[in-house]
Structure formats: C-alpha cells, structure tokens
>>> print(open('final_4.csv').read())   # CSV, N, CA and C atoms
chain,number,residue,atom,x,y,z
V,1418,MET,N,-5.6,15.8,6.8
V,1418,MET,CA,-4.9,16.0,8.1
V,1418,MET,C,-5.0,14.6,8.8
V,1419,GLU,N,-3.9,14.3,9.4
V,1419,GLU,CA,-3.8,13.1,10.3
V,1419,GLU,C,-4.6,13.3,11.6
V,1420,THR,N,-5.3,12.3,12.0
V,1420,THR,CA,-6.0,12.4,13.3
V,1420,THR,C,-5.2,11.9,14.4
V,1421,ILE,N,-5.6,12.3,15.6
V,1421,ILE,CA,-5.0,11.9,16.9
V,1421,ILE,C,-6.1,11.2,17.7
V,1422,PRO,N,-5.7,10.4,18.7
V,1422,PRO,CA,-6.7,9.8,19.5
V,1422,PRO,C,-7.6,10.8,20.3
V,1423,SER,N,-8.8,10.4,20.7
V,1423,SER,CA,-9.7,11.2,21.5
V,1423,SER,C,-9.0,11.4,22.8
V,1424,GLY,N,-9.2,12.6,23.4
V,1424,GLY,CA,-8.6,12.9,24.7
V,1424,GLY,C,-8.5,14.4,24.9
V,1425,LEU,N,-8.0,14.8,26.1
V,1425,LEU,CA,-7.8,16.2,26.4
V,1425,LEU,C,-6.4,16.6,26.0
V,1426,TYR,N,-6.3,17.7,25.3
V,1426,TYR,CA,-5.1,18.2,24.8
V,1426,TYR,C,-5.0,19.7,25.1
V,1427,THR,N,-3.8,20.1,25.5
V,1427,THR,CA,-3.5,21.6,25.6
V,1427,THR,C,-3.2,22.1,24.2
V,1428,CYS,N,-3.9,23.1,23.8
V,1428,CYS,CA,-3.8,23.6,22.5
V,1428,CYS,C,-3.5,25.1,22.5
V,1429,THR,N,-2.9,25.6,21.5
V,1429,THR,CA,-2.7,27.1,21.2
V,1429,THR,C,-3.5,27.5,20.0
V,1430,VAL,N,-4.1,28.6,20.0
V,1430,VAL,CA,-4.9,29.1,18.9
V,1430,VAL,C,-3.8,29.7,17.9
V,1431,LYS,N,-3.7,29.0,16.7
V,1431,LYS,CA,-2.7,29.4,15.7
V,1431,LYS,C,-3.3,30.4,14.7
V,1432,GLU,N,-4.6,30.3,14.4
V,1432,GLU,CA,-5.2,31.1,13.4
V,1432,GLU,C,-6.7,31.3,13.7
V,1433,VAL,N,-7.3,32.4,13.3
V,1433,VAL,CA,-8.7,32.6,13.4
V,1433,VAL,C,-9.1,33.3,12.1
V,1434,ARG,N,-10.1,32.6,11.4
V,1434,ARG,CA,-10.7,33.2,10.2
V,1434,ARG,C,-12.1,33.6,10.5
V,1435,VAL,N,-12.6,34.7,9.9
V,1435,VAL,CA,-14.0,35.1,10.1
V,1435,VAL,C,-14.7,34.8,8.8
V,1436,GLU,N,-15.8,34.1,8.9
V,1436,GLU,CA,-16.7,33.8,7.7
V,1436,GLU,C,-18.1,34.1,8.1
V,1437,THR,N,-19.0,33.8,7.2
V,1437,THR,CA,-20.4,34.0,7.5
V,1437,THR,C,-21.1,32.7,7.1
V,1438,THR,N,-22.0,32.2,7.9
V,1438,THR,CA,-22.7,30.9,7.6
V,1438,THR,C,-23.7,31.2,6.4
V,1439,PRO,N,-24.2,30.2,5.8
V,1439,PRO,CA,-25.3,30.4,4.7
V,1439,PRO,C,-26.5,31.2,5.3
V,1440,CYS,N,-26.7,31.1,6.6
V,1440,CYS,CA,-27.9,31.8,7.2
V,1440,CYS,C,-27.5,33.3,7.5
V,1441,GLY,N,-26.3,33.7,7.3
V,1441,GLY,CA,-25.8,35.1,7.5
V,1441,GLY,C,-25.3,35.3,8.9
V,1442,ASP,N,-25.0,34.3,9.7
V,1442,ASP,CA,-24.5,34.4,11.0
V,1442,ASP,C,-22.9,34.5,11.0
V,1443,PRO,N,-22.3,35.4,11.8
V,1443,PRO,CA,-20.8,35.4,11.8
V,1443,PRO,C,-20.3,34.0,12.4
V,1444,LYS,N,-19.2,33.6,11.8
V,1444,LYS,CA,-18.6,32.4,12.3
V,1444,LYS,C,-17.1,32.6,12.4
V,1445,TRP,N,-16.5,32.2,13.5
V,1445,TRP,CA,-15.0,32.2,13.7
V,1445,TRP,C,-14.5,30.8,13.5
V,1446,ILE,N,-13.6,30.6,12.6
V,1446,ILE,CA,-13.0,29.3,12.4
V,1446,ILE,C,-11.6,29.3,13.1
V,1447,PHE,N,-11.3,28.4,14.0
V,1447,PHE,CA,-10.0,28.3,14.7
V,1447,PHE,C,-9.2,27.3,14.1
V,1448,ARG,N,-7.9,27.5,14.1
V,1448,ARG,CA,-6.9,26.4,13.8
V,1448,ARG,C,-6.2,26.3,15.2
V,1449,LEU,N,-6.3,25.2,15.8
V,1449,LEU,CA,-5.7,24.9,17.1
V,1449,LEU,C,-4.4,24.0,16.8
V,1450,VAL,N,-3.4,24.2,17.6
V,1450,VAL,CA,-2.2,23.4,17.5
V,1450,VAL,C,-2.0,22.8,18.9
V,1451,VAL,N,-1.8,21.4,18.9
V,1451,VAL,CA,-1.5,20.7,20.2
V,1451,VAL,C,-0.2,21.3,20.6
V,1452,ALA,N,-0.1,21.8,21.9
V,1452,ALA,CA,1.1,22.5,22.4
V,1452,ALA,C,2.0,21.6,23.2
V,1453,GLU,N,1.5,20.4,23.7
V,1453,GLU,CA,2.3,19.6,24.6
V,1453,GLU,C,2.1,18.1,24.2
V,1454,GLY,N,3.1,17.3,24.7
V,1454,GLY,CA,2.9,15.9,24.7
V,1454,GLY,C,3.2,15.2,23.3
V,1455,GLU,N,2.8,14.0,23.2
V,1455,GLU,CA,3.2,13.1,22.1
V,1455,GLU,C,2.7,13.7,20.8
V,1456,TYR,N,1.6,14.4,20.8
V,1456,TYR,CA,1.0,14.8,19.5
V,1456,TYR,C,1.2,16.3,19.3
V,1457,GLN,N,2.2,16.9,20.0
V,1457,GLN,CA,2.6,18.3,19.8
V,1457,GLN,C,2.8,18.6,18.3
V,1458,GLY,N,2.2,19.7,17.9
V,1458,GLY,CA,2.3,20.2,16.6
V,1458,GLY,C,1.1,19.8,15.7
V,1459,HIS,N,0.3,18.8,16.1
V,1459,HIS,CA,-0.9,18.4,15.3
V,1459,HIS,C,-1.9,19.5,15.3
V,1460,GLU,N,-2.5,19.8,14.2
V,1460,GLU,CA,-3.5,20.8,14.0
V,1460,GLU,C,-4.9,20.3,14.0
V,1461,ILE,N,-5.8,21.1,14.6
V,1461,ILE,CA,-7.3,20.7,14.7
V,1461,ILE,C,-8.1,22.0,14.3
V,1462,ASP,N,-9.0,21.8,13.4
V,1462,ASP,CA,-9.9,23.0,13.1
V,1462,ASP,C,-11.2,22.9,13.9
V,1463,ASP,N,-11.7,24.0,14.3
V,1463,ASP,CA,-13.0,24.1,15.0
V,1463,ASP,C,-13.6,25.4,14.7
V,1464,PHE,N,-14.8,25.6,15.1
V,1464,PHE,CA,-15.5,26.9,14.8
V,1464,PHE,C,-16.6,27.1,15.9
V,1465,ILE,N,-16.9,28.4,16.0
V,1465,ILE,CA,-18.1,28.8,16.8
V,1465,ILE,C,-18.9,29.7,15.9
V,1466,VAL,N,-20.2,29.6,16.0
V,1466,VAL,CA,-21.2,30.4,15.2
V,1466,VAL,C,-21.9,31.3,16.2
V,1467,PHE,N,-21.9,32.6,15.9
V,1467,PHE,CA,-22.5,33.6,16.7
V,1467,PHE,C,-24.0,33.7,16.3
V,1468,SER,N,-24.8,32.8,16.8
V,1468,SER,CA,-26.2,32.8,16.5
V,1468,SER,C,-26.9,32.4,17.8
V,1469,SER,N,-28.3,32.6,17.8
V,1469,SER,CA,-29.0,32.2,19.1
V,1469,SER,C,-28.8,30.7,19.4
V,1470,ARG,N,-28.7,29.9,18.4
V,1470,ARG,CA,-28.6,28.5,18.7
V,1470,ARG,C,-27.1,28.2,19.2
V,1471,GLY,N,-26.1,28.9,18.7
V,1471,GLY,CA,-24.7,28.6,19.1
V,1471,GLY,C,-24.2,29.4,20.3
V,1472,ARG,N,-25.1,30.3,20.9
V,1472,ARG,CA,-24.6,31.2,21.9
V,1472,ARG,C,-24.0,30.6,23.1
V,1473,HIS,N,-24.5,29.4,23.5
V,1473,HIS,CA,-23.9,28.8,24.7
V,1473,HIS,C,-22.5,28.3,24.5
V,1474,ARG,N,-22.3,27.7,23.3
V,1474,ARG,CA,-20.9,27.3,22.9
V,1474,ARG,C,-20.0,28.5,22.8
V,1475,VAL,N,-20.5,29.5,22.2
V,1475,VAL,CA,-19.6,30.7,22.0
V,1475,VAL,C,-19.2,31.3,23.3
V,1476,ARG,N,-20.2,31.4,24.2
V,1476,ARG,CA,-19.8,31.9,25.6
V,1476,ARG,C,-18.8,31.0,26.3
V,1477,ALA,N,-19.0,29.7,26.3
V,1477,ALA,CA,-18.2,28.8,27.0
V,1477,ALA,C,-16.8,28.8,26.3
V,1478,THR,N,-16.7,28.8,25.0
V,1478,THR,CA,-15.4,28.8,24.3
V,1478,THR,C,-14.6,30.1,24.6
V,1479,LEU,N,-15.3,31.2,24.5
V,1479,LEU,CA,-14.6,32.5,24.7
V,1479,LEU,C,-14.1,32.6,26.1
V,1480,LYS,N,-14.9,32.1,27.1
V,1480,LYS,CA,-14.6,32.2,28.5
V,1480,LYS,C,-13.3,31.3,28.7
V,1481,ALA,N,-13.3,30.1,28.1
V,1481,ALA,CA,-12.2,29.2,28.3
V,1481,ALA,C,-10.9,29.8,27.7
V,1482,LEU,N,-11.1,30.6,26.7
V,1482,LEU,CA,-9.9,31.3,26.1
V,1482,LEU,C,-9.5,32.5,26.8
V,1483,GLY,N,-10.2,32.8,27.9
V,1483,GLY,CA,-9.8,33.9,28.7
V,1483,GLY,C,-10.3,35.3,28.3
V,1484,VAL,N,-11.3,35.3,27.5
V,1484,VAL,CA,-12.0,36.5,27.1
V,1484,VAL,C,-12.8,37.0,28.3
V,1485,SER,N,-12.6,38.3,28.7
V,1485,SER,CA,-13.1,38.8,29.9
V,1485,SER,C,-14.6,39.0,29.8
V,1486,SER,N,-15.2,39.3,28.6
V,1486,SER,CA,-16.6,39.6,28.5
V,1486,SER,C,-17.2,38.9,27.3
V,1487,PRO,N,-17.3,37.6,27.4
V,1487,PRO,CA,-17.8,36.8,26.3
V,1487,PRO,C,-19.3,37.2,25.9
V,1488,ASN,N,-20.1,37.5,26.9
V,1488,ASN,CA,-21.5,37.9,26.6
V,1488,ASN,C,-21.6,39.2,25.8
V,1489,ASP,N,-20.7,40.1,26.0
V,1489,ASP,CA,-20.7,41.4,25.2
V,1489,ASP,C,-20.3,41.1,23.8
V,1490,ILE,N,-19.3,40.2,23.7
V,1490,ILE,CA,-18.8,39.9,22.3
V,1490,ILE,C,-19.9,39.1,21.5
V,1491,LEU,N,-20.5,38.2,22.2
V,1491,LEU,CA,-21.6,37.4,21.6
V,1491,LEU,C,-22.7,38.4,21.1
V,1492,LEU,N,-23.2,39.2,22.0
V,1492,LEU,CA,-24.3,40.1,21.6
V,1492,LEU,C,-23.8,41.0,20.5
V,1493,ALA,N,-22.7,41.6,20.6
V,1493,ALA,CA,-22.2,42.5,19.5
V,1493,ALA,C,-22.0,41.8,18.2
V,1494,ALA,N,-21.5,40.6,18.2
V,1494,ALA,CA,-21.3,39.9,16.9
V,1494,ALA,C,-22.6,39.5,16.3
V,1495,MET,N,-23.6,39.2,17.1
V,1495,MET,CA,-24.9,38.8,16.6
V,1495,MET,C,-25.6,40.1,16.0
V,1496,MET,N,-25.2,41.3,16.5
V,1496,MET,CA,-25.8,42.5,16.0
V,1496,MET,C,-24.9,43.1,14.9
V,1497,GLY,N,-23.8,42.5,14.6
V,1497,GLY,CA,-23.0,42.9,13.5
V,1497,GLY,C,-22.0,44.0,13.9
V,1498,VAL,N,-21.7,44.1,15.2
V,1498,VAL,CA,-20.8,45.1,15.8
V,1498,VAL,C,-19.6,44.3,16.4
V,1499,ASP,N,-18.4,44.7,16.1
V,1499,ASP,CA,-17.2,44.0,16.6
V,1499,ASP,C,-16.7,44.8,17.9
V,1500,THR,N,-16.7,44.1,19.0
V,1500,THR,CA,-16.2,44.7,20.2
V,1500,THR,C,-14.7,44.5,20.5
V,1501,LEU,N,-14.2,43.4,19.9
V,1501,LEU,CA,-12.8,43.2,19.9
V,1501,LEU,C,-12.1,44.0,18.8
V,1502,SER,N,-10.9,44.4,18.9
V,1502,SER,CA,-10.2,45.1,17.8
V,1502,SER,C,-10.2,44.1,16.7
V,1503,SER,N,-10.1,42.8,17.0
V,1503,SER,CA,-10.0,41.8,16.0
V,1503,SER,C,-10.2,40.4,16.6
V,1504,PRO,N,-10.8,39.4,15.9
V,1504,PRO,CA,-10.9,38.1,16.5
V,1504,PRO,C,-9.5,37.5,16.7
V,1505,ASN,N,-8.5,38.1,16.1
V,1505,ASN,CA,-7.1,37.7,16.3
V,1505,ASN,C,-6.6,38.0,17.7
V,1506,ASP,N,-7.4,38.7,18.5
V,1506,ASP,CA,-7.0,39.0,19.9
V,1506,ASP,C,-6.9,37.7,20.7
V,1507,ILE,N,-7.5,36.6,20.2
V,1507,ILE,CA,-7.4,35.3,20.9
V,1507,ILE,C,-6.2,34.4,20.4
V,1508,LEU,N,-5.5,35.0,19.4
V,1508,LEU,CA,-4.3,34.2,18.9
V,1508,LEU,C,-3.3,33.9,20.0
V,1509,HIS,N,-2.7,32.8,19.9
V,1509,HIS,CA,-1.7,32.4,20.8
V,1509,HIS,C,-2.2,32.1,22.2
V,1510,ARG,N,-3.5,32.2,22.5
V,1510,ARG,CA,-4.0,31.8,23.8
V,1510,ARG,C,-4.0,30.3,23.9
V,1511,ARG,N,-3.8,29.8,25.1
V,1511,ARG,CA,-3.9,28.4,25.4
V,1511,ARG,C,-5.2,28.0,26.0
V,1512,VAL,N,-5.6,26.8,25.7
V,1512,VAL,CA,-6.9,26.2,26.1
V,1512,VAL,C,-6.8,24.7,26.2
V,1513,VAL,N,-7.5,24.1,27.0
V,1513,VAL,CA,-7.6,22.6,27.0
V,1513,VAL,C,-8.8,22.2,26.2
V,1514,ALA,N,-8.6,21.4,25.2
V,1514,ALA,CA,-9.6,21.0,24.3
V,1514,ALA,C,-9.9,19.5,24.4
V,1515,ASP,N,-11.2,19.1,24.5
V,1515,ASP,CA,-11.6,17.7,24.5
V,1515,ASP,C,-11.8,17.3,23.1
V,1516,VAL,N,-10.8,16.7,22.5
V,1516,VAL,CA,-10.8,16.3,21.1
V,1516,VAL,C,-11.4,15.0,20.9
V,1517,ARG,N,-12.2,14.8,19.9
V,1517,ARG,CA,-12.8,13.6,19.6
V,1517,ARG,C,-12.4,13.1,18.2
V,1518,ARG,N,-12.3,11.9,18.0
V,1518,ARG,CA,-12.1,11.3,16.7
V,1518,ARG,C,-13.4,10.8,16.2
V,1519,VAL,N,-13.9,11.3,15.1
V,1519,VAL,CA,-15.2,11.0,14.5
V,1519,VAL,C,-15.1,10.5,13.1
V,1520,VAL,N,-16.0,9.6,12.7
V,1520,VAL,CA,-16.2,9.1,11.4
V,1520,VAL,C,-17.2,10.0,10.7
V,1521,ALA,N,-16.9,10.5,9.5
V,1521,ALA,CA,-17.9,11.3,8.8
V,1521,ALA,C,-19.1,10.5,8.4
V,1522,ALA,N,-20.3,11.1,8.5
V,1522,ALA,CA,-21.5,10.4,8.3
V,1522,ALA,C,-21.7,10.0,6.8
V,1523,THR,N,-21.0,10.7,5.9
V,1523,THR,CA,-21.2,10.4,4.5
V,1523,THR,C,-20.2,9.4,4.0
V,1524,ASP,N,-19.2,9.1,4.7
V,1524,ASP,CA,-18.1,8.2,4.2
V,1524,ASP,C,-17.5,7.5,5.4
V,1525,ASP,N,-17.8,6.2,5.5
V,1525,ASP,CA,-17.3,5.4,6.7
V,1525,ASP,C,-15.8,5.4,6.8
V,1526,LYS,N,-15.1,5.8,5.7
V,1526,LYS,CA,-13.6,5.7,5.8
V,1526,LYS,C,-13.0,7.1,6.1
V,1527,SER,N,-13.8,8.1,6.2
V,1527,SER,CA,-13.3,9.4,6.4
V,1527,SER,C,-13.3,9.7,7.9
V,1528,VAL,N,-12.2,9.8,8.6
V,1528,VAL,CA,-12.1,10.1,10.0
V,1528,VAL,C,-11.4,11.5,10.2
V,1529,ARG,N,-12.0,12.2,11.2
V,1529,ARG,CA,-11.4,13.5,11.4
V,1529,ARG,C,-11.5,13.8,12.9
V,1530,ASN,N,-10.8,14.8,13.4
V,1530,ASN,CA,-10.9,15.3,14.8
V,1530,ASN,C,-11.8,16.5,14.9
V,1531,GLU,N,-12.5,16.5,16.0
V,1531,GLU,CA,-13.3,17.7,16.3
V,1531,GLU,C,-13.3,17.9,17.8
V,1532,VAL,N,-13.6,19.1,18.2
V,1532,VAL,CA,-13.7,19.5,19.6
V,1532,VAL,C,-15.1,19.3,20.1
V,1533,ALA,N,-15.4,18.6,21.2
V,1533,ALA,CA,-16.7,18.4,21.7
V,1533,ALA,C,-17.5,19.7,21.9
V,1534,TYR,N,-18.8,19.6,21.9
V,1534,TYR,CA,-19.7,20.8,22.0
V,1534,TYR,C,-19.3,21.6,23.2
V,1535,ALA,N,-19.1,21.0,24.4
V,1535,ALA,CA,-18.7,21.7,25.6
V,1535,ALA,C,-17.3,21.3,25.9
V,1536,GLY,N,-16.4,21.3,24.9
V,1536,GLY,CA,-15.1,20.7,25.0
V,1536,GLY,C,-14.0,21.6,25.3
V,1537,TYR,N,-14.2,22.8,25.7
V,1537,TYR,CA,-13.1,23.7,26.0
V,1537,TYR,C,-13.1,24.0,27.5
V,1538,SER,N,-11.9,24.0,28.1
V,1538,SER,CA,-11.8,24.5,29.5
V,1538,SER,C,-10.5,25.3,29.6
V,1539,LYS,N,-10.5,26.2,30.6
V,1539,LYS,CA,-9.4,27.1,30.7
V,1539,LYS,C,-8.1,26.4,31.0
V,1540,TYR,N,-7.1,26.9,30.4
V,1540,TYR,CA,-5.7,26.3,30.6
V,1540,TYR,C,-5.3,26.8,32.0
V,1541,PRO,N,-4.8,25.8,32.8
V,1541,PRO,CA,-4.4,26.2,34.2
V,1541,PRO,C,-3.2,27.1,34.1
V,1542,GLU,N,-3.4,28.3,34.8
V,1542,GLU,CA,-2.3,29.2,34.9
V,1542,GLU,C,-1.2,28.7,35.7
V,1543,GLU,N,0.0,29.1,35.3
V,1543,GLU,CA,1.2,28.6,36.1
V,1543,GLU,C,1.2,29.3,37.5
V,1544,VAL,N,1.5,28.5,38.5
V,1544,VAL,CA,1.5,29.0,39.8
V,1544,VAL,C,2.8,29.8,40.0
V,1545,ALA,N,2.7,31.1,40.5
V,1545,ALA,CA,3.8,31.9,40.7
V,1545,ALA,C,4.7,31.3,41.9
V,1546,SER,N,6.0,31.3,41.7
V,1546,SER,CA,6.8,30.8,42.8
V,1546,SER,C,7.4,31.8,43.6
>>> encode(input="final_4.csv", output="structure tokens")
Amino acid sequence: METIPSGLYTCTVKEVRVETTPCGDPKWIFRLVVAEGEYQGHEIDDFIVFSSRGRHRVRATLKALGVSSPNDILLAAMMGVDTLSSPNDILHRRVVADVRRVVAATDDKSVRNEVAYAGYSKYPEEVAS
C-alpha cells in the first residue's frame, strides 16, 4: 500500500474484521479510507485489542466513532460476550484520524501508515441550517 504524509485525515470505516490475538484477546481490525482532500481514497489499516492493556485505546476509539457505550462493549468483549449486533455496526462511520508515517523496525526501507495511539477524534457533525 502506498503511504501518505503524516497528518489529520477524515476517514470512513470501510471494513471491520474480527480476529483473536495469540494471547486469546479479541481484536478488531479496521480498514479506513481517507474521505476528503488530496489523499481521498487512500486506505489505512488499524486495530484495537480488547484487553486490559488496550482498554484505554478501545474506549477512546469507540467513543470517537460515536459508539454510545464504549465501556459496556469493552467489558463484554473482554468477557467474550458481544453487545453489538456486530462490529460492522461501526461501518461507514466517519472519524478524524491522526495518521503517522513510520519506518518498520525490521527493515529501514519498509514504510507504512498507522494511526497514533490516541489518534482518533470525533468527526465534527454538520451544523443544521
């Protein structure tokens, strides 16, 4: 995948896959698509892990995506119970992502994009006229 410069981008959630980490924790993998501007259409992959270590990022990410009860979802996912009808309930939601361009630690030539740890913020709602 081609990378884009670091910065804030309005993105739409295109796809969500559910997997399990090697430690057995649920993990949601997002495919984000830049929705506006010069890099519109560029795709970025990111993920959240429903674990005690990842709980702060899960809460902040789900809140930025407009999920009304991120704490309930976090707790249920960590207990193996799904409170959403599906993780796909966040499909097509917009969010502002703080995208970084990073060089892989294993290969100085491999560059990729990632979303910063606290890199999601709520997409500003349009003001009703």
>>> atom_distance(input="final_4.csv", atom1="atom N of Asp1506 in chain V", atom2="atom N of Gly1441 in chain V")
22.5 Å
>>> closest_residue(input="final_4.csv", among="V:Thr1420, V:Ala1521, V:Lys1526, V:Thr1437", to="His1459 in chain V", atoms="only N, CA and C atoms")
V:Thr1420
>>> atom_distance(input="final_4.csv", atom1="atom C of Gly1424 in chain V", atom2="atom C of Thr1523 in chain V")
24.5 Å
>>> atom_distance(input="final_4.csv", atom1="CA of Val1451 in chain V", atom2="atom C of Ser1468 in chain V")
28.1 Å
>>> select_by_dssp(input="final_4.csv", residues="range 1418-1545 of chain V", states="helix (DSSP H, G or I)", output="PyMOL selection string")
chain V and resi 1472-1481+1487-1495+1504-1507
>>> residues_around(input="final_4.csv", residues="Tyr1426 in chain V", least_positions_apart="6", cutoff="6 Å", atoms="all atoms listed in the file", output="list in words")
Val1512, Val1513, Ala1514, Asp1515 and Val1516 of chain V
>>> write_last_selection(input="final_4.csv", atoms="N, CA and C atoms", output="PDB file, in the frame of the given file")
ATOM      1  N   VAL V1512      -5.600  26.800  25.700  1.00  0.00           N
ATOM      2  CA  VAL V1512      -6.900  26.200  26.100  1.00  0.00           C
ATOM      3  C   VAL V1512      -6.800  24.700  26.200  1.00  0.00           C
ATOM      4  N   VAL V1513      -7.500  24.100  27.000  1.00  0.00           N
ATOM      5  CA  VAL V1513      -7.600  22.600  27.000  1.00  0.00           C
ATOM      6  C   VAL V1513      -8.800  22.200  26.200  1.00  0.00           C
ATOM      7  N   ALA V1514      -8.600  21.400  25.200  1.00  0.00           N
ATOM      8  CA  ALA V1514      -9.600  21.000  24.300  1.00  0.00           C
ATOM      9  C   ALA V1514      -9.900  19.500  24.400  1.00  0.00           C
ATOM     10  N   ASP V1515     -11.200  19.100  24.500  1.00  0.00           N
ATOM     11  CA  ASP V1515     -11.600  17.700  24.500  1.00  0.00           C
ATOM     12  C   ASP V1515     -11.800  17.300  23.100  1.00  0.00           C
ATOM     13  N   VAL V1516     -10.800  16.700  22.500  1.00  0.00           N
ATOM     14  CA  VAL V1516     -10.800  16.300  21.100  1.00  0.00           C
ATOM     15  C   VAL V1516     -11.400  15.000  20.900  1.00  0.00           C
TER      16      VAL V1516
END
>>> residues_around(input="final_4.csv", residues="range 1479-1482 of chain V", least_positions_apart="4", cutoff="8 Å", atoms="all atoms listed in the file", output="PyMOL selection string")
chain V and resi 1473-1475+1486-1488+1507+1510-1513+1537-1540
>>> residues_around(input="final_4.csv", residues="Lys1444 in chain V", least_positions_apart="3", cutoff="7 Å", atoms="all atoms listed in the file", output="list in words")
Arg1434, Val1435, Glu1436, Thr1437, Thr1438, Gly1441, Phe1464, Ile1465, Val1466 and Phe1467 of chain V
>>> closest_residue(input="final_4.csv", among="V:Val1532, V:Glu1542, V:Arg1448, V:Arg1518", to="Glu1419 in chain V", atoms="only C-alpha atoms")
V:Arg1518
